[in-house]
Amino acid sequence: MNAVNSQPEVPAGNRIVNGLSVDVEDWFQVGAFEDVIERDAWATLDDRVDRNVREILDLFDEANATATFFTLGWVAKRHGPLLREIVARGHEMASHGWDHARVHTLTRQQFGEDIARARKQIEDASGVRVTGYRAPSFSIDQRTPWAYMELAEQGYAYSSSVSPVTHDHYGWAAAPRFAFKPLPWAGLVEIPVTTAMFAGKRLAAGGGGFFRVLPYAFSRWAIRQVNRQDQRPAVFYFHPWEIDPGQPRVAGAPLKSRLRHYTNLEKMAPKLRQLIHDFEWGRMDVLAHREKAQLDAVAA
């Protein structure tokens with residue numbers, strides 16, 4: 001490791017800059033196919049990460065936007081030049097774990113080994129220090145109280161691993177909607193993915209499949225609500241495979257999984273372009289720095 005993730009200048013004043021993030025995993029590594037495609041087969045499948053991430057980098061350059069790339073250690077091992085290109089173009093490198101194992105399927109010891117292995121690989125490949133983490137499938141929840149302790153002990157500055165909604169694959173509905181400190185004795189900050197409120201209910205509005213499937217007007221409304229009504233930054237995420245309609249089809253997957261994964265892939269890039277131009281976006285480490293300062297000020 002040769003350097004740190006050099007941060008862009010923190011915006012001054014009350015200007016709201018939202019957190020933009022990419023979960024760097026390939027089409028065969030997603031939760032929807034985890035019971036269909038064996039991990040041992042990954043290395044034999046069509047690797048499309050490089051092409052898709054480079055298209056995303058060009059899109060971000062076009063809008064002068066910076067972002068955080070939460071990357072699997074498995075991907076980092078195979079794409080060192082790509083990770084260095086991400087860093088060279090001004091973006092943050094962060095961890096998404098080693099091979100997309102959900103946190104609640106691991107013991108604390110296994111989780112600690114997973115994030116340590118991934119971090120070392122990502123740092124070695126990118127040449128920068130990693131201080132941010134996102135759990136695969138937002139799988140930190142009420143079942144994993146030890147996860148934050150492990151992250152804090154390993155020196156992570158922030159996590160963005162919670163989706164504070166009810167969902168059949170993930171979700172921690174009782175979690176706060178906005179940034180919080182999960183451990184009173186540590187500086188670690190958790191920054192949940194964005195939700196909006198309608199009729200007293202939380203709606204998932206932070207990206208991914210919800211962004212692809214629902215009309216763009218919903219996402220614009222949700223982010224405006226968070227920015228204007230709550231006066232808080234939104235947190236948005238997506239995956240490189242979501243802009244790739246040419247990816248292979250997994251015929252053996254359940255219909256529900258296939259619908260979630262393949263719907264509107266051809267519409268994703270244009271929708272992203274509009275979203276990135278409609279709002280201001282920045283890296284998650286910069287957002288975490290500001291959120292921690294505000295939390296510390298309230299606690300003082």
# chains A, B, ... in the order shown; residues from 1 in each chain; ligands from 1
$ residues_around --residues "A:Pro215" --least-positions-apart "3" --cutoff "12 Å" --atoms "only C-alpha atoms" --output "ChimeraX atom specification"
/A:205,207,209-212,218-222,264,267-268,271,275
$ residues_around --residues "stretch 291-298 of chain A" --least-positions-apart "4" --cutoff "10 Å" --atoms "only C-alpha atoms" --output "PyMOL selection string"
chain A and resi 157-158+178-181+187-191+232-233+285-287
$ closest_residue --among "A:Gly127, A:Pro136, A:Gly208, A:Gly112" --to "A:Ile86" --atoms "only C-alpha atoms"
A:Gly127
$ select_by_dssp --residues "stretch 114-253 of chain A" --states "helix (DSSP H, G or I)" --output "CSV table (one decimal) with N, CA and C atoms, in the first residue's frame"
chain,number,residue,atom,x,y,z
A,114,ASP,N,-12.9,-12.5,6.8
A,114,ASP,CA,-13.3,-12.0,5.5
A,114,ASP,C,-13.0,-10.6,5.2
A,115,ILE,N,-13.3,-9.7,6.2
A,115,ILE,CA,-13.0,-8.3,5.9
A,115,ILE,C,-11.5,-7.9,5.9
A,116,ALA,N,-10.8,-8.7,6.7
A,116,ALA,CA,-9.3,-8.5,6.7
A,116,ALA,C,-8.7,-8.9,5.4
A,117,ARG,N,-9.1,-10.1,4.9
A,117,ARG,CA,-8.6,-10.6,3.7
A,117,ARG,C,-9.0,-9.7,2.5
A,118,ALA,N,-10.2,-9.2,2.5
A,118,ALA,CA,-10.6,-8.4,1.4
A,118,ALA,C,-9.9,-7.0,1.4
A,119,ARG,N,-9.8,-6.5,2.6
A,119,ARG,CA,-9.1,-5.2,2.7
A,119,ARG,C,-7.7,-5.2,2.2
A,120,LYS,N,-7.0,-6.3,2.6
A,120,LYS,CA,-5.6,-6.4,2.2
A,120,LYS,C,-5.5,-6.5,0.7
A,121,GLN,N,-6.3,-7.3,0.1
A,121,GLN,CA,-6.3,-7.5,-1.4
A,121,GLN,C,-6.6,-6.2,-2.1
A,122,ILE,N,-7.6,-5.5,-1.6
A,122,ILE,CA,-8.0,-4.2,-2.3
A,122,ILE,C,-6.9,-3.2,-2.1
A,123,GLU,N,-6.3,-3.1,-0.9
A,123,GLU,CA,-5.2,-2.1,-0.7
A,123,GLU,C,-4.0,-2.5,-1.6
A,124,ASP,N,-3.7,-3.8,-1.7
A,124,ASP,CA,-2.5,-4.2,-2.5
A,124,ASP,C,-2.8,-3.9,-3.9
A,125,ALA,N,-4.0,-4.1,-4.4
A,125,ALA,CA,-4.3,-3.9,-5.8
A,125,ALA,C,-4.4,-2.4,-6.2
A,126,SER,N,-5.0,-1.6,-5.3
A,126,SER,CA,-5.2,-0.2,-5.6
A,126,SER,C,-4.1,0.7,-5.2
A,136,PRO,N,-22.2,-7.2,1.9
A,136,PRO,CA,-23.0,-7.7,0.8
A,136,PRO,C,-24.5,-7.8,1.1
A,137,SER,N,-25.3,-7.4,0.2
A,137,SER,CA,-26.8,-7.4,0.4
A,137,SER,C,-27.2,-6.7,1.7
A,138,PHE,N,-26.5,-5.7,2.1
A,138,PHE,CA,-26.9,-4.9,3.3
A,138,PHE,C,-27.2,-5.8,4.4
A,146,TRP,N,-22.2,-8.1,16.7
A,146,TRP,CA,-20.8,-8.1,16.7
A,146,TRP,C,-20.1,-7.6,15.5
A,147,ALA,N,-20.8,-7.3,14.4
A,147,ALA,CA,-20.2,-6.9,13.2
A,147,ALA,C,-19.6,-5.5,13.4
A,148,TYR,N,-20.3,-4.6,14.0
A,148,TYR,CA,-19.7,-3.3,14.2
A,148,TYR,C,-18.5,-3.3,15.1
A,149,MET,N,-18.5,-4.2,16.1
A,149,MET,CA,-17.3,-4.3,17.0
A,149,MET,C,-16.1,-4.7,16.2
A,150,GLU,N,-16.3,-5.7,15.3
A,150,GLU,CA,-15.2,-6.2,14.5
A,150,GLU,C,-14.7,-5.1,13.5
A,151,LEU,N,-15.6,-4.4,12.9
A,151,LEU,CA,-15.2,-3.3,12.0
A,151,LEU,C,-14.4,-2.2,12.7
A,152,ALA,N,-14.9,-1.8,13.9
A,152,ALA,CA,-14.2,-0.8,14.7
A,152,ALA,C,-12.8,-1.3,15.2
A,153,GLU,N,-12.7,-2.5,15.6
A,153,GLU,CA,-11.4,-3.0,16.0
A,153,GLU,C,-10.4,-3.1,14.9
A,208,GLY,N,-30.2,0.6,-6.9
A,208,GLY,CA,-30.3,-0.8,-7.2
A,208,GLY,C,-31.6,-1.2,-8.0
A,209,GLY,N,-32.2,-2.3,-7.7
A,209,GLY,CA,-33.3,-2.8,-8.4
A,209,GLY,C,-34.5,-1.8,-8.3
A,210,PHE,N,-34.7,-1.1,-7.2
A,210,PHE,CA,-35.8,-0.2,-7.1
A,210,PHE,C,-35.6,0.9,-8.1
A,211,PHE,N,-34.4,1.4,-8.3
A,211,PHE,CA,-34.2,2.5,-9.3
A,211,PHE,C,-34.4,2.0,-10.7
A,212,ARG,N,-34.0,0.8,-11.0
A,212,ARG,CA,-34.2,0.2,-12.4
A,212,ARG,C,-35.7,0.0,-12.7
A,213,VAL,N,-36.4,-0.5,-11.7
A,213,VAL,CA,-37.8,-1.0,-12.0
A,213,VAL,C,-38.8,0.2,-11.9
A,216,TYR,N,-38.4,6.9,-13.1
A,216,TYR,CA,-37.4,7.9,-12.6
A,216,TYR,C,-38.0,8.9,-11.6
A,217,ALA,N,-39.2,9.3,-11.9
A,217,ALA,CA,-39.8,10.4,-11.1
A,217,ALA,C,-39.9,10.0,-9.6
A,218,PHE,N,-40.0,8.7,-9.3
A,218,PHE,CA,-40.0,8.3,-7.9
A,218,PHE,C,-38.7,8.6,-7.2
A,219,SER,N,-37.6,8.2,-7.9
A,219,SER,CA,-36.3,8.5,-7.3
A,219,SER,C,-36.0,9.9,-7.1
A,220,ARG,N,-36.4,10.7,-8.1
A,220,ARG,CA,-36.2,12.2,-8.0
A,220,ARG,C,-37.0,12.7,-6.9
A,221,TRP,N,-38.2,12.3,-6.7
A,221,TRP,CA,-39.1,12.8,-5.6
A,221,TRP,C,-38.5,12.4,-4.3
A,222,ALA,N,-38.0,11.1,-4.2
A,222,ALA,CA,-37.4,10.6,-2.9
A,222,ALA,C,-36.2,11.4,-2.5
A,223,ILE,N,-35.3,11.6,-3.4
A,223,ILE,CA,-34.0,12.3,-3.1
A,223,ILE,C,-34.3,13.8,-2.7
A,224,ARG,N,-35.3,14.4,-3.5
A,224,ARG,CA,-35.6,15.8,-3.1
A,224,ARG,C,-36.2,15.8,-1.7
A,225,GLN,N,-37.0,14.8,-1.4
A,225,GLN,CA,-37.6,14.8,0.0
A,225,GLN,C,-36.5,14.8,1.0
A,226,VAL,N,-35.5,13.9,0.8
A,226,VAL,CA,-34.4,13.8,1.8
A,226,VAL,C,-33.6,15.1,1.9
A,227,ASN,N,-33.3,15.6,0.7
A,227,ASN,CA,-32.5,16.9,0.7
A,227,ASN,C,-33.2,18.1,1.2
A,228,ARG,N,-34.5,18.3,0.8
A,228,ARG,CA,-35.2,19.5,1.1
A,228,ARG,C,-36.0,19.4,2.4
A,229,GLN,N,-36.7,18.3,2.6
A,229,GLN,CA,-37.5,18.2,3.8
A,229,GLN,C,-36.7,17.8,5.1
A,240,PRO,N,-22.2,-2.5,-11.3
A,240,PRO,CA,-21.8,-2.4,-12.7
A,240,PRO,C,-22.6,-3.3,-13.7
A,241,TRP,N,-23.1,-4.5,-13.2
A,241,TRP,CA,-23.8,-5.4,-14.1
A,241,TRP,C,-25.2,-4.8,-14.5
A,242,GLU,N,-25.7,-3.7,-13.7
A,242,GLU,CA,-27.0,-3.2,-14.0
A,242,GLU,C,-27.0,-2.3,-15.3
A,243,ILE,N,-25.8,-1.9,-15.8
A,243,ILE,CA,-25.8,-1.2,-17.0
A,243,ILE,C,-25.4,-2.0,-18.2
$ closest_residue --among "A:Trp42, A:His289, A:Arg249, A:Arg273" --to "A:Asn64" --atoms "only C-alpha atoms"
A:Arg273
$ residues_around --residues "stretch 65-77 of chain A" --least-positions-apart "6" --cutoff "8 Å" --atoms "only C-alpha atoms" --output "PyMOL selection string"
chain A and resi 19-25+83+90-100+117-119+121-122+125+132-134+276+280-285
$ closest_residue --among "A:Ile16, A:Gly171, A:Ala101, A:Ser161" --to "A:Gly31" --atoms "only C-alpha atoms"
A:Ala101
$ decode --residues "stretch 83-200 of chain A" --atoms "C-alpha atoms" --output "JSON list (two decimals), in the first residue's frame"
[["chain", "number", "residue", "atom", "x", "y", "z"],
["A", 83, "LEU", "CA", -8.72, -0.44, -9.28],
["A", 84, "ARG", "CA", -5.75, 1.84, -9.85],
["A", 85, "GLU", "CA", -7.66, 3.55, -12.67],
["A", 86, "ILE", "CA", -10.61, 4.16, -10.32],
["A", 87, "VAL", "CA", -8.32, 5.81, -7.79],
["A", 88, "ALA", "CA", -6.46, 7.82, -10.44],
["A", 89, "ARG", "CA", -9.77, 9.29, -11.61],
["A", 90, "GLY", "CA", -10.54, 10.68, -8.16],
["A", 91, "HIS", "CA", -12.81, 8.07, -6.62],
["A", 92, "GLU", "CA", -12.68, 6.29, -3.27],
["A", 93, "MET", "CA", -11.82, 2.62, -2.98],
["A", 94, "ALA", "CA", -13.68, 0.72, -0.26],
["A", 95, "SER", "CA", -14.47, -2.88, 0.72],
["A", 96, "HIS", "CA", -17.49, -5.04, -0.11],
["A", 97, "GLY", "CA", -16.05, -8.12, 1.60],
["A", 98, "TRP", "CA", -14.27, -11.01, -0.10],
["A", 99, "ASP", "CA", -16.84, -13.01, -2.08],
["A", 100, "HIS", "CA", -20.28, -11.59, -1.30],
["A", 101, "ALA", "CA", -21.01, -13.83, 1.70],
["A", 102, "ARG", "CA", -23.84, -12.26, 3.71],
["A", 103, "VAL", "CA", -22.69, -11.19, 7.16],
["A", 104, "HIS", "CA", -25.40, -13.10, 9.01],
["A", 105, "THR", "CA", -24.18, -16.37, 7.44],
["A", 106, "LEU", "CA", -20.77, -15.95, 9.13],
["A", 107, "THR", "CA", -19.51, -16.18, 12.68],
["A", 108, "ARG", "CA", -17.73, -13.15, 14.10],
["A", 109, "GLN", "CA", -14.38, -14.87, 13.54],
["A", 110, "GLN", "CA", -15.25, -15.69, 9.93],
["A", 111, "PHE", "CA", -16.47, -12.14, 9.36],
["A", 112, "GLY", "CA", -13.25, -10.72, 10.79],
["A", 113, "GLU", "CA", -11.18, -12.94, 8.51],
["A", 114, "ASP", "CA", -13.35, -12.03, 5.50],
["A", 115, "ILE", "CA", -13.02, -8.26, 5.88],
["A", 116, "ALA", "CA", -9.32, -8.45, 6.72],
["A", 117, "ARG", "CA", -8.59, -10.59, 3.65],
["A", 118, "ALA", "CA", -10.65, -8.36, 1.37],
["A", 119, "ARG", "CA", -9.10, -5.16, 2.71],
["A", 120, "LYS", "CA", -5.55, -6.41, 2.20],
["A", 121, "GLN", "CA", -6.28, -7.50, -1.36],
["A", 122, "ILE", "CA", -8.01, -4.23, -2.27],
["A", 123, "GLU", "CA", -5.24, -2.14, -0.74],
["A", 124, "ASP", "CA", -2.53, -4.17, -2.46],
["A", 125, "ALA", "CA", -4.32, -3.90, -5.81],
["A", 126, "SER", "CA", -5.24, -0.21, -5.62],
["A", 127, "GLY", "CA", -2.28, 1.20, -3.70],
["A", 128, "VAL", "CA", -4.50, 3.14, -1.27],
["A", 129, "ARG", "CA", -5.75, 2.61, 2.27],
["A", 130, "VAL", "CA", -9.32, 1.38, 2.71],
["A", 131, "THR", "CA", -11.45, 2.85, 5.51],
["A", 132, "GLY", "CA", -15.01, 2.18, 4.30],
["A", 133, "TYR", "CA", -17.08, -1.00, 4.17],
["A", 134, "ARG", "CA", -20.42, -2.13, 2.78],
["A", 135, "ALA", "CA", -21.85, -5.52, 3.68],
["A", 136, "PRO", "CA", -23.00, -7.71, 0.78],
["A", 137, "SER", "CA", -26.79, -7.41, 0.38],
["A", 138, "PHE", "CA", -26.90, -4.87, 3.27],
["A", 139, "SER", "CA", -26.60, -7.84, 5.63],
["A", 140, "ILE", "CA", -25.67, -6.09, 8.87],
["A", 141, "ASP", "CA", -28.82, -6.17, 10.99],
["A", 142, "GLN", "CA", -30.21, -7.18, 14.39],
["A", 143, "ARG", "CA", -28.70, -10.67, 13.99],
["A", 144, "THR", "CA", -25.10, -9.39, 13.84],
["A", 145, "PRO", "CA", -24.44, -7.09, 16.84],
["A", 146, "TRP", "CA", -20.79, -8.14, 16.74],
["A", 147, "ALA", "CA", -20.19, -6.89, 13.19],
["A", 148, "TYR", "CA", -19.70, -3.27, 14.21],
["A", 149, "MET", "CA", -17.31, -4.29, 16.97],
["A", 150, "GLU", "CA", -15.20, -6.17, 14.46],
["A", 151, "LEU", "CA", -15.21, -3.27, 12.00],
["A", 152, "ALA", "CA", -14.22, -0.80, 14.73],
["A", 153, "GLU", "CA", -11.44, -3.04, 16.02],
["A", 154, "GLN", "CA", -10.04, -3.37, 12.51],
["A", 155, "GLY", "CA", -9.96, 0.41, 12.16],
["A", 156, "TYR", "CA", -12.74, 1.12, 9.69],
["A", 157, "ALA", "CA", -13.98, 4.73, 9.77],
["A", 158, "TYR", "CA", -17.44, 4.06, 8.40],
["A", 159, "SER", "CA", -19.88, 1.45, 7.17],
["A", 160, "SER", "CA", -22.78, 1.77, 4.74],
["A", 161, "SER", "CA", -24.28, -1.65, 5.36],
["A", 162, "VAL", "CA", -27.85, -1.09, 6.53],
["A", 163, "SER", "CA", -31.07, -0.81, 4.59],
["A", 164, "PRO", "CA", -33.58, 0.43, 7.19],
["A", 165, "VAL", "CA", -36.64, -1.23, 5.59],
["A", 166, "THR", "CA", -38.41, -4.57, 5.56],
["A", 167, "HIS", "CA", -37.47, -6.70, 2.54],
["A", 168, "ASP", "CA", -37.55, -10.42, 1.80],
["A", 169, "HIS", "CA", -33.78, -10.55, 1.19],
["A", 170, "TYR", "CA", -32.46, -7.95, 3.62],
["A", 171, "GLY", "CA", -33.43, -5.07, 5.85],
["A", 172, "TRP", "CA", -33.29, -3.76, 9.41],
["A", 173, "ALA", "CA", -36.55, -1.88, 9.80],
["A", 174, "ALA", "CA", -35.77, -0.67, 13.33],
["A", 175, "ALA", "CA", -32.50, 1.00, 12.35],
["A", 176, "PRO", "CA", -32.26, 4.80, 12.05],
["A", 177, "ARG", "CA", -32.86, 6.27, 8.61],
["A", 178, "PHE", "CA", -29.80, 8.49, 8.74],
["A", 179, "ALA", "CA", -26.20, 8.30, 9.95],
["A", 180, "PHE", "CA", -25.65, 6.98, 13.46],
["A", 181, "LYS", "CA", -22.83, 5.72, 15.67],
["A", 182, "PRO", "CA", -23.54, 2.06, 16.47],
["A", 183, "LEU", "CA", -20.93, 1.86, 19.23],
["A", 184, "PRO", "CA", -20.75, 4.60, 21.91],
["A", 185, "TRP", "CA", -17.06, 3.97, 22.50],
["A", 186, "ALA", "CA", -15.92, 4.03, 18.85],
["A", 187, "GLY", "CA", -15.73, 6.59, 16.09],
["A", 188, "LEU", "CA", -17.26, 4.25, 13.53],
["A", 189, "VAL", "CA", -20.23, 5.77, 11.67],
["A", 190, "GLU", "CA", -22.98, 3.80, 9.94],
["A", 191, "ILE", "CA", -24.59, 5.52, 6.94],
["A", 192, "PRO", "CA", -27.76, 3.67, 5.87],
["A", 193, "VAL", "CA", -28.87, 3.61, 2.26],
["A", 194, "THR", "CA", -31.63, 6.12, 1.53],
["A", 195, "THR", "CA", -35.30, 5.70, 2.36],
["A", 196, "ALA", "CA", -38.18, 8.10, 1.78],
["A", 197, "MET", "CA", -41.38, 8.48, 3.81],
["A", 198, "PHE", "CA", -44.92, 8.15, 2.47],
["A", 199, "ALA", "CA", -48.06, 7.82, 4.62],
["A", 200, "GLY", "CA", -45.92, 7.02, 7.63]]
